[in-house]
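In what follows, a single structure is set out as structure tokens and then discussed.
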Amino acid sequence: MKASKHVVRTLFAVLPGWCLPTSLFAAQAGASHGPSVAIFLGQIIALIVCARLLGELMQRIGQSAVMGQLIAGMLLGPSVFGALSPRLQHSLFPDAPDQKAMLSAVSELGILLLLLLTGMETDLSVIRRSRRTAFSVSIAGIVIPFICGLTVGELLPATMLPDPNKRFITALFLGTALSISSVKIVALLVRELGFLRRTVGQVIVASAIIDDTIGWIIMSVTFGLALHGGIDVASVTRSVVGTALFLVLSFTIGRHVIFQLIRWANDHLVSELPVITMILVVTGAMALVTNAIGVHTVLGAFVAGILVGQSPILTRHIEGQLRGLIVALFMPVFFGMAGLSANLRALTEPDLLLLTIGMIVIASVGKFSGAVLGGRIGGLTFAESLAVGCGMNARGSTEVIIASIGLSMGALSQNLFTAIVTMAIVTTMAMPPMLRWAVGRLPLSPEENDRLEREDLEARGFVSNLERLLVAVDSSYSGQLASRLVGLLAGVRQIPTTALHFDYATGAALPGAESQAERTATALSLAAESGGEAADARGEVHSAGHNADITMRVEEPDSTETAIVEEARKGFGLLFIGREPASEGNRFHEQITRSATSFGGPVAITIARGEHRNGNDRGPLNILVPVTGTPISRQGAELAIALAEASHGRVTALHVAGPSSQGRPQWRTRLGVALAPDSSADAAIRDIVELGKAYGVEVMGQVRNRGTAENTILREAQAGGYDLLVMGVSPRPGDQLFFGEVPADLLQRARCSVVFLAREPATAARPGA
């Protein structure tokens with residue numbers, strides 16, 4: 001037994017110092033020259049290493065890594081490390097105020113960044129889809145445990161309070177801590193358990209989002225009360241009104257301002273990671289605003305995260321870079337510090353142990369019963385309500401943050417802090433097995449199954465993952481058509497767009513007194529409004545209304561390559577090109593080639609013909625899209641469906657069968673009702689029909705097996721009266737922009753307008769490529 005204890009002590013002596021001599025920390029701790037950088041670094045390393053190891057262990061047994069970080073702090077604190085080796089623990093974590101302030105500063109910054117990350121992960125569309133149920137679950141799930149916690153605080157003996165004169169403030173902290181679910185923990189666990197896309201999983205996450213938002217508003221008001229030492233009507237009014245005004249301005253004007261700031265940093269700053277710098281500045285500024293109105297800075301950071309997360313140009317790699325900094329450094333330090341502050345040895349006192357058990361029971365029963373009641377009120381079945389009640393019972397990070405704030409400002413004692421942290425750990429660790437059991441009893445409904453299939457289609461889509469559009473046009477008919485198509489796409493999918501208008505020098509310019517750039521801007525804005533109305537008809541709500549964010553720039557014709565290269569570095573997902581002359585026979589004109597190769601990414605080359613050269617460009621689009629079952633042809637079909645959705649048009653998917661299909665009967669499918677045996681052609685058509693269903697677009701399917709591909713496509717385009725042919729193409733290596741013989745023939749002979757969508761033409765088309 002002694003040998004085992006000696007081994008444990010030895011491990012704790014080595015691990016916190018990360019192989020640094022413990023005498024170094026002892027010497028530094030004994031110095032009287034202020035805080036020690038060496039001790040500070042040792043603390044950071046110890047917290048990161050222990051948090052990482054225990055976080056890995058927790059995740060491997062189906063728990064959240066945050067639980068491992070909390071437990072790591074407890075092991076390094078007085079509960080375990082301090083009990084086994086008090087001298088070494090005190091050497092690494094001395095009580096000197098200056099030394100503790102260094103680690104506390106990192107922890108305080110960690111709170112803000114953690115709330116920023118939580119806000120960025122908050123998907124408001126989840127709330128919109130299940131707002132009635134989510135609000136009833138959240139409100140009922142807060143009210144019951146909050147009243148219970150408030151009652152516990154009022155009944156506590158004075159000896160357990162840090163200041164009996166501030167009993168009501170302590171009761172508010174207890175009520176908040178017992179009633180609020182942690183959106184970060186809930187969302188993380190629901191995602192890790194594989195239930196995030198289930199309807200019940202989305203209700204749980206949406207309810208947790210509302211929980212967290214209400215919790216931070218309550219917390220901010222409580223903080224304001226604590227600052228004034230009691231109930232001050234003027235200060236409470238100031239905090240409530242200030243919070244309401246802050247939220248209203250943030251989600252109206254603030255959303256647009258933050259998006260513009262992020263885009264400005266992305267587009268104009270050339271140093272490393274400019275967007276992350278802007279995000280941190282915005283977070284700090286909004287935290288200072290909430291502090292100025294008398295509420296806690298965490299509310300400002302949380303709201304900033306929500307608004308930053310809604311920015312259309314917040315690319316995954318930018319979010320990943322910011323997440324890496326927070327998850328790898330600030331989260332382990334903050335939750336480790338919370339664990340350090342909890343002394344589990346205090347639970348040996350019978351009164352505190354009974355209080356902790358009572359808080360766990362009250363928090364669990366109150367939250368569970370409130371959530372089940374709210375679910376039933378919101379229209380869920382009993383089985384669904386039961387699953388929601390199980391999922392909402394995870395506390396975790398939010399309670400730890402609340403408890404840390406209460407401890408730092410003297411509203412909670414050390415013992416009450418320990419009880420709250422223990423409650424948070426127990427309820428969070430109990431949530432995964434309970435949720436697995438409850439959701440396992442819920443079969444998929446037909447509506448839920450259809451939604452999941454639609455989401456699968458979007459997840460592997462091309463158009464659905466575009467973040468920004470770039471269009472290079474002149475005032476030719478092709479330029480006007482490209483402007484209209486981009487406007488439709490930007491409006492229906494709410495994609496920020498930049499238009500480069502090149503002054504027209506040669507070719508057939510459009511008649512009229514209106515300036516060339518004004519024509520382009522008008523075409524873009526009118527089409528974007530039409531596309532936005534189509535999105536609203538589908539049930540999507542956009543903060544910007546019907547108008548997408550469109551920026552217009554006028555460029556000189558001879559600056560094509562420079563302008564496109566300059567814009568391309570800003571992170572555009574697709575370039576539309578509409579310029580004339582566009583082609584020479586079956587080849588693209590040199591200016592089209594230069595534009596495409598300058599971009600270095602997917603391009604859509606637009607050529608106006610037929611009705612689009614007669615001024616008839618405002619009606620629904622009747623689109624023909626050849627499909628082959630390849631990824632690039634599917635992307636062309638995606639683009640066609642998005643354009644048809646925005647213009648209230650229709651799409652026909654055409655597959656030209658190969659020689660092995662000779663003799664097969666022709667067939668037609670309407671909205672997914674196939675009239676032919678299964679084959680590769682059937683599968684290709686059916687995929688596009690299902691994709692159209694997801695967006696409410698009527699897709700007709702056709703298979704033709706007579707003649708060459710180009711002749712068949714041209715014959716169908718003319719016979720069907722189509723006004724637009726959209727084709728996904730692959731580039732061929734060489735000095736010219738060439739997509740193959742079939743597209744080349746269509747480029748020369750097609751009588752209707754054509755859009756060639758090429759995934760990566762630049763690499764293949766450059767000379768010497």
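If you're wondering about the labels, chains in the structure tokens are A, B, ... by order shown, residues count from 1 in each chain, ligands from 1 in order shown.
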Against range 328-348 of chain A, which residues of range 82-127 of chain A fall within 10 Å? For each one I want the closest pair of atoms and the distance in Å (one decimal), counting only C-alpha atoms, rows by chain and increasing residue number, as CSV.
residue,atom,partner,partner_atom,distance
A:Gly82,CA,A:Asn343,CA,9.6
A:Ala83,CA,A:Arg345,CA,8.8
A:Phe93,CA,A:Leu340,CA,9.1
A:Leu103,CA,A:Val333,CA,8.0
A:Ser104,CA,A:Met337,CA,7.8
A:Ala105,CA,A:Phe334,CA,9.8
A:Val106,CA,A:Phe330,CA,7.0
A:Ser107,CA,A:Phe334,CA,4.5
A:Glu108,CA,A:Phe334,CA,7.4
A:Leu109,CA,A:Phe330,CA,7.6
A:Gly110,CA,A:Phe330,CA,4.6
A:Ile111,CA,A:Phe334,CA,6.9
A:Leu112,CA,A:Phe330,CA,9.6
A:Leu113,CA,A:Phe330,CA,7.6
A:Leu114,CA,A:Met331,CA,6.8
What would the file look like if the residues just selected were written as a short mmCIF file (atom, residue, chain, number, x, y, z; two decimals), in the first residue's frame with C-alpha atoms?
data_model
loop_
_atom_site.label_atom_id
_atom_site.label_comp_id
_atom_site.auth_asym_id
_atom_site.auth_seq_id
_atom_site.Cartn_x
_atom_site.Cartn_y
_atom_site.Cartn_z
CA GLY A 82 -2.65 18.42 -2.70
CA ALA A 83 -3.72 15.51 -0.53
CA PHE A 93 0.18 26.26 -7.66
CA LEU A 103 -3.23 32.09 -14.62
CA SER A 104 -6.53 33.79 -13.83
CA ALA A 105 -5.98 36.27 -16.66
CA VAL A 106 -5.59 33.44 -19.16
CA SER A 107 -8.67 31.79 -17.67
CA GLU A 108 -10.75 34.99 -17.95
CA LEU A 109 -9.74 35.38 -21.58
CA GLY A 110 -10.61 31.71 -22.01
CA ILE A 111 -14.17 32.41 -20.80
CA LEU A 112 -14.67 35.02 -23.51
CA LEU A 113 -13.19 32.86 -26.25
CA LEU A 114 -15.17 29.84 -25.10
#
*Write out as an MDAnalysis selection string the residues lying within 9 Å of Leu161 in chain A, counting only C-alpha atoms and excluding same-chain residues fewer than 5 positions away.*
chainID A and resid 153 156 166:167 170 411:413 416
Name all residues at most 8 Å from range 147-151 of chain A (count only C-alpha atoms; drop same-chain ones fewer than 4 positions away) and give them as an mmCIF file with all heavy atoms, in the first residue's frame.
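File produced: out_22.cif:
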data_model
loop_
_atom_site.group_PDB
_atom_site.id
_atom_site.type_symbol
_atom_site.label_atom_id
_atom_site.label_comp_id
_atom_site.auth_asym_id
_atom_site.auth_seq_id
_atom_site.Cartn_x
_atom_site.Cartn_y
_atom_site.Cartn_z
ATOM 1 N N VAL A 143 -37.819 27.217 -15.734
ATOM 2 C CA VAL A 143 -38.633 27.748 -14.636
ATOM 3 C C VAL A 143 -38.634 26.813 -13.433
ATOM 4 O O VAL A 143 -38.410 27.244 -12.287
ATOM 5 C CB VAL A 143 -40.080 27.998 -15.127
ATOM 6 C CG1 VAL A 143 -41.001 28.294 -13.950
ATOM 7 C CG2 VAL A 143 -40.100 29.158 -16.105
ATOM 8 N N LEU A 155 -33.238 29.004 1.722
ATOM 9 C CA LEU A 155 -33.321 28.159 2.914
ATOM 10 C C LEU A 155 -31.963 27.739 3.460
ATOM 11 O O LEU A 155 -31.904 27.108 4.520
ATOM 12 C CB LEU A 155 -34.149 26.904 2.595
ATOM 13 C CG LEU A 155 -35.622 27.147 2.213
ATOM 14 C CD1 LEU A 155 -36.299 25.821 1.874
ATOM 15 C CD2 LEU A 155 -36.365 27.854 3.337
ATOM 16 N N ALA A 171 -28.784 33.080 -4.019
ATOM 17 C CA ALA A 171 -29.912 32.265 -4.483
ATOM 18 C C ALA A 171 -30.092 32.376 -5.993
ATOM 19 O O ALA A 171 -30.414 31.385 -6.662
ATOM 20 C CB ALA A 171 -31.186 32.689 -3.758
ATOM 21 N N LEU A 172 -29.893 33.570 -6.551
ATOM 22 C CA LEU A 172 -29.988 33.735 -7.996
ATOM 23 C C LEU A 172 -28.923 32.917 -8.712
ATOM 24 O O LEU A 172 -29.196 32.291 -9.754
ATOM 25 C CB LEU A 172 -29.855 35.214 -8.368
ATOM 26 C CG LEU A 172 -31.072 36.108 -8.108
ATOM 27 C CD1 LEU A 172 -30.734 37.565 -8.434
ATOM 28 C CD2 LEU A 172 -32.263 35.650 -8.933
ATOM 29 N N LEU A 174 -27.522 30.163 -7.603
ATOM 30 C CA LEU A 174 -27.891 28.753 -7.491
ATOM 31 C C LEU A 174 -29.037 28.411 -8.440
ATOM 32 O O LEU A 174 -29.014 27.364 -9.105
ATOM 33 C CB LEU A 174 -28.293 28.443 -6.043
ATOM 34 C CG LEU A 174 -27.164 28.406 -5.016
ATOM 35 C CD1 LEU A 174 -27.731 28.204 -3.610
ATOM 36 C CD2 LEU A 174 -26.174 27.300 -5.348
ATOM 37 N N GLY A 175 -30.043 29.267 -8.520
ATOM 38 C CA GLY A 175 -31.155 29.013 -9.423
ATOM 39 C C GLY A 175 -30.707 28.948 -10.869
ATOM 40 O O GLY A 175 -31.141 28.074 -11.638
ATOM 41 N N THR A 176 -29.814 29.863 -11.255
ATOM 42 C CA THR A 176 -29.303 29.862 -12.633
ATOM 43 C C THR A 176 -28.469 28.619 -12.910
ATOM 44 O O THR A 176 -28.612 27.973 -13.952
ATOM 45 C CB THR A 176 -28.460 31.130 -12.887
ATOM 46 O OG1 THR A 176 -29.225 32.280 -12.548
ATOM 47 C CG2 THR A 176 -28.043 31.214 -14.341
ATOM 48 N N ALA A 177 -27.604 28.261 -11.962
ATOM 49 C CA ALA A 177 -26.721 27.108 -12.157
ATOM 50 C C ALA A 177 -27.501 25.809 -12.262
ATOM 51 O O ALA A 177 -27.119 24.902 -13.014
ATOM 52 C CB ALA A 177 -25.709 27.022 -11.018
ATOM 53 N N LEU A 178 -28.601 25.689 -11.530
ATOM 54 C CA LEU A 178 -29.373 24.447 -11.555
ATOM 55 C C LEU A 178 -30.300 24.350 -12.765
ATOM 56 O O LEU A 178 -30.774 23.253 -13.092
ATOM 57 C CB LEU A 178 -30.207 24.322 -10.278
ATOM 58 C CG LEU A 178 -29.574 23.519 -9.128
ATOM 59 C CD1 LEU A 178 -28.298 24.198 -8.644
ATOM 60 C CD2 LEU A 178 -30.557 23.364 -7.977
ATOM 61 N N SER A 179 -30.562 25.461 -13.447
ATOM 62 C CA SER A 179 -31.608 25.455 -14.471
ATOM 63 C C SER A 179 -31.116 25.511 -15.907
ATOM 64 O O SER A 179 -31.869 25.178 -16.826
ATOM 65 C CB SER A 179 -32.553 26.648 -14.238
ATOM 66 O OG SER A 179 -31.846 27.871 -14.303
ATOM 67 N N MET A 359 -28.720 18.993 -4.534
ATOM 68 C CA MET A 359 -28.640 19.831 -5.732
ATOM 69 C C MET A 359 -28.657 18.979 -6.997
ATOM 70 O O MET A 359 -29.281 19.353 -8.006
ATOM 71 C CB MET A 359 -27.383 20.699 -5.681
ATOM 72 C CG MET A 359 -27.451 21.817 -4.649
ATOM 73 S SD MET A 359 -25.909 22.742 -4.498
ATOM 74 C CE MET A 359 -25.747 23.410 -6.142
ATOM 75 N N ILE A 362 -32.305 17.823 -7.377
ATOM 76 C CA ILE A 362 -33.168 18.939 -7.783
ATOM 77 C C ILE A 362 -32.893 19.334 -9.232
ATOM 78 O O ILE A 362 -33.822 19.544 -10.024
ATOM 79 C CB ILE A 362 -32.953 20.146 -6.845
ATOM 80 C CG1 ILE A 362 -33.504 19.833 -5.453
ATOM 81 C CG2 ILE A 362 -33.627 21.396 -7.410
ATOM 82 C CD1 ILE A 362 -33.168 20.882 -4.421
ATOM 83 N N ALA A 363 -31.606 19.445 -9.586
ATOM 84 C CA ALA A 363 -31.251 19.837 -10.951
ATOM 85 C C ALA A 363 -31.738 18.811 -11.958
ATOM 86 O O ALA A 363 -32.299 19.162 -13.011
ATOM 87 C CB ALA A 363 -29.736 20.011 -11.062
ATOM 88 N N GLY A 366 -35.819 18.429 -11.702
ATOM 89 C CA GLY A 366 -36.439 19.670 -12.154
ATOM 90 C C GLY A 366 -36.276 19.875 -13.649
ATOM 91 O O GLY A 366 -37.237 20.212 -14.351
#
_Shell of 8 Å around Phe599 in chain A, only C-alpha atoms, local chain residues under 6 positions omitted, as a list in words_ =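 The residues that qualify are Ile564, Val565, Ala568, Leu575 and Ala762 of chain A.
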*asked:* I need the residue nearest Gly601 in chain A from this list: A:Val463, A:Ala758, A:Val190, A:Leu481. Use only C-alpha atoms for the distance.
replied: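 Looking at the shortest contact to Gly601 in chain A, the residue is A:Ala758.
Nearest-residue note for Ile401 in chain A: choosing from A:Gly309, A:Gly389, A:Gly215, A:Pro443, the minimum distance belongs to A:Gly215, counting only C-alpha atoms.
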*Skipping near chain neighbours, those fewer than 2 positions away, what residues fall within 10 Å of range 591-595 of chain A using only C-alpha atoms, listed as a VMD selection string?*
chain A and resid 472 557 to 558 560 to 565 575 to 583 587 to 589 597 to 600 603 605 to 606 735 to 738 761 to 762 765 to 766
Grab the residues selected above and save them as a short mmCIF file (atom, residue, chain, number, x, y, z; two decimals), in the first residue's frame with N, CA and C atoms.
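File produced: again.cif:
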data_model
loop_
_atom_site.label_atom_id
_atom_site.label_comp_id
_atom_site.auth_asym_id
_atom_site.auth_seq_id
_atom_site.Cartn_x
_atom_site.Cartn_y
_atom_site.Cartn_z
N ALA A 472 -17.59 38.12 -63.87
CA ALA A 472 -16.84 39.01 -64.76
C ALA A 472 -17.64 39.17 -66.04
N PRO A 557 -11.07 47.13 -69.67
CA PRO A 557 -11.03 45.86 -70.39
C PRO A 557 -9.66 45.20 -70.38
N ASP A 558 -8.59 45.99 -70.42
CA ASP A 558 -7.25 45.39 -70.47
C ASP A 558 -6.74 44.96 -69.11
N THR A 560 -8.27 42.59 -67.25
CA THR A 560 -9.03 41.38 -66.92
C THR A 560 -8.28 40.45 -65.99
N GLU A 561 -7.10 40.03 -66.41
CA GLU A 561 -6.36 39.05 -65.62
C GLU A 561 -5.99 39.59 -64.25
N THR A 562 -5.50 40.82 -64.19
CA THR A 562 -5.09 41.41 -62.91
C THR A 562 -6.27 41.50 -61.96
N ALA A 563 -7.42 41.98 -62.47
CA ALA A 563 -8.59 42.16 -61.61
C ALA A 563 -9.09 40.82 -61.08
N ILE A 564 -9.14 39.81 -61.94
CA ILE A 564 -9.66 38.51 -61.51
C ILE A 564 -8.70 37.84 -60.54
N VAL A 565 -7.41 37.92 -60.80
CA VAL A 565 -6.42 37.34 -59.88
C VAL A 565 -6.51 38.01 -58.52
N LEU A 575 -16.61 31.46 -60.41
CA LEU A 575 -16.55 32.62 -61.28
C LEU A 575 -17.49 32.43 -62.46
N PHE A 576 -18.44 33.35 -62.62
CA PHE A 576 -19.28 33.39 -63.82
C PHE A 576 -18.64 34.35 -64.81
N ILE A 577 -18.56 33.93 -66.08
CA ILE A 577 -17.99 34.78 -67.13
C ILE A 577 -19.06 35.03 -68.18
N GLY A 578 -19.28 36.30 -68.50
CA GLY A 578 -20.22 36.66 -69.55
C GLY A 578 -19.66 37.82 -70.36
N ARG A 579 -18.90 37.50 -71.39
CA ARG A 579 -18.26 38.53 -72.21
C ARG A 579 -18.33 38.12 -73.68
N GLU A 580 -18.28 39.12 -74.54
CA GLU A 580 -18.28 38.86 -75.98
C GLU A 580 -17.17 39.66 -76.65
N PRO A 581 -16.60 39.06 -77.72
CA PRO A 581 -16.94 37.76 -78.32
C PRO A 581 -16.56 36.61 -77.40
N ALA A 582 -17.41 35.58 -77.36
CA ALA A 582 -17.18 34.44 -76.47
C ALA A 582 -16.52 33.27 -77.18
N SER A 583 -16.78 33.13 -78.48
CA SER A 583 -16.26 31.95 -79.17
C SER A 583 -15.90 32.29 -80.60
N ARG A 587 -14.18 27.02 -80.69
CA ARG A 587 -13.19 27.38 -79.68
C ARG A 587 -13.63 28.63 -78.93
N PHE A 588 -13.16 28.72 -77.69
CA PHE A 588 -13.44 29.91 -76.90
C PHE A 588 -12.53 31.05 -77.33
N HIS A 589 -13.05 32.26 -77.25
CA HIS A 589 -12.26 33.43 -77.58
C HIS A 589 -11.15 33.60 -76.54
N THR A 597 -8.61 31.11 -66.91
CA THR A 597 -7.33 30.64 -66.37
C THR A 597 -6.79 31.55 -65.27
N SER A 598 -7.25 32.79 -65.23
CA SER A 598 -6.78 33.71 -64.19
C SER A 598 -7.40 33.40 -62.84
N PHE A 599 -8.56 32.76 -62.83
CA PHE A 599 -9.29 32.56 -61.58
C PHE A 599 -8.70 31.46 -60.72
N GLY A 600 -8.34 30.34 -61.34
CA GLY A 600 -7.75 29.25 -60.56
C GLY A 600 -8.77 28.44 -59.78
N VAL A 603 -15.36 27.64 -62.85
CA VAL A 603 -15.90 28.74 -63.65
C VAL A 603 -17.15 28.29 -64.37
N ILE A 605 -19.00 29.50 -67.76
CA ILE A 605 -18.91 30.36 -68.95
C ILE A 605 -20.30 30.46 -69.58
N THR A 606 -20.79 31.69 -69.70
CA THR A 606 -22.16 31.94 -70.15
C THR A 606 -22.15 32.55 -71.54
N ASP A 735 -2.86 24.02 -74.40
CA ASP A 735 -2.70 25.46 -74.37
C ASP A 735 -4.03 26.20 -74.49
N GLN A 736 -5.05 25.55 -75.01
CA GLN A 736 -6.34 26.19 -75.21
C GLN A 736 -7.34 25.71 -74.15
N LEU A 737 -8.38 26.54 -73.96
CA LEU A 737 -9.47 26.16 -73.06
C LEU A 737 -10.37 25.19 -73.83
N PHE A 738 -10.26 23.91 -73.53
CA PHE A 738 -10.94 22.88 -74.31
C PHE A 738 -11.56 21.86 -73.37
N PRO A 761 -10.85 24.54 -64.53
CA PRO A 761 -10.28 24.71 -65.87
C PRO A 761 -8.91 25.35 -65.86
N ALA A 762 -8.59 26.10 -64.82
CA ALA A 762 -7.36 26.89 -64.85
C ALA A 762 -6.12 26.02 -64.94
N ALA A 765 -5.82 24.28 -68.32
CA ALA A 765 -5.81 25.08 -69.54
C ALA A 765 -4.59 25.98 -69.67
N ARG A 766 -3.80 26.09 -68.65
CA ARG A 766 -2.64 26.96 -68.75
C ARG A 766 -1.63 26.39 -69.73
#
*Could you pull out the strand (DSSP E or B) residues of range 581-616 of chain A from DSSP and send them as a VMD selection string?*
chain A and resid 583 to 584 587 to 588 603 to 607
Using N, CA, C and O atoms, can you export the residues from the last selection as a short mmCIF file (atom, residue, chain, number, x, y, z; two decimals), in the first residue's frame?
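What landed in again-v7.cif:
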data_model
loop_
_atom_site.label_atom_id
_atom_site.label_comp_id
_atom_site.auth_asym_id
_atom_site.auth_seq_id
_atom_site.Cartn_x
_atom_site.Cartn_y
_atom_site.Cartn_z
N SER A 583 -16.78 33.13 -78.48
CA SER A 583 -16.26 31.95 -79.17
C SER A 583 -15.90 32.29 -80.60
O SER A 583 -16.37 33.28 -81.18
N GLU A 584 -15.06 31.46 -81.15
CA GLU A 584 -14.68 31.52 -82.56
C GLU A 584 -14.83 30.11 -83.12
O GLU A 584 -13.94 29.28 -82.94
N ARG A 587 -14.18 27.02 -80.69
CA ARG A 587 -13.19 27.38 -79.68
C ARG A 587 -13.63 28.63 -78.93
O ARG A 587 -14.33 29.47 -79.46
N PHE A 588 -13.16 28.72 -77.69
CA PHE A 588 -13.44 29.91 -76.90
C PHE A 588 -12.53 31.05 -77.33
O PHE A 588 -11.36 30.83 -77.70
N VAL A 603 -15.36 27.64 -62.85
CA VAL A 603 -15.90 28.74 -63.65
C VAL A 603 -17.15 28.29 -64.37
O VAL A 603 -17.31 27.11 -64.68
N ALA A 604 -18.04 29.25 -64.62
CA ALA A 604 -19.25 29.00 -65.41
C ALA A 604 -19.24 30.00 -66.56
O ALA A 604 -19.42 31.20 -66.36
N ILE A 605 -19.00 29.50 -67.76
CA ILE A 605 -18.91 30.36 -68.95
C ILE A 605 -20.30 30.46 -69.58
O ILE A 605 -20.90 29.45 -69.94
N THR A 606 -20.79 31.69 -69.70
CA THR A 606 -22.16 31.94 -70.15
C THR A 606 -22.15 32.55 -71.54
O THR A 606 -21.45 33.55 -71.77
N ILE A 607 -22.95 31.98 -72.43
CA ILE A 607 -23.04 32.48 -73.81
C ILE A 607 -24.52 32.66 -74.14
O ILE A 607 -25.29 31.70 -74.11
#
*Counting only C-alpha atoms, which of A:Gln63, A:Ser753, A:Thr356, A:Ser250 gets nearest to Ala419 in chain A?*
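The answer is A:Thr356, which sits nearest to Ala419 in chain A.
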*To one decimal in Å, tell me the separation between CA of Met278 in chain A and CA of Val308 in chain A.*
10.1 Å
*Closest to Pro157 in chain A among A:Ala750, A:Ala646, A:Val298, A:Leu352, using only C-alpha atoms?*
A:Leu352
*asked:* I'd like the neighbourhood of Thr222 in chain A as a PyMOL selection string, where a residue qualifies if any of its atoms comes within 8 Å (using only C-alpha atoms), though same-chain residues fewer than 2 positions away should be ignored.
replied: chain A and resi 169+172-173+218-220+224-226
*Using CA of Arg52 in chain A and CA of Met429 in chain A as the two end points, give the distance in Å to one decimal.*
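Between these atoms lies a distance of 17.8 Å.
Shortest separation to Thr398 in chain A among A:Asn614, A:Thr418, A:Thr213, A:Ser633 occurs at residue A:Thr213, atoms counted being only C-alpha atoms.
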*Quick one: pull the distance between CA of Phe40 in chain A and CA of Leu88 in chain A, Å, one decimal.*
14.7 Å
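Proximity to Ile420 in chain A was assessed for A:Pro78, A:Gly619, A:Gly358, A:Gly479 counting only C-alpha atoms; the smallest distance is recorded for A:Gly358.
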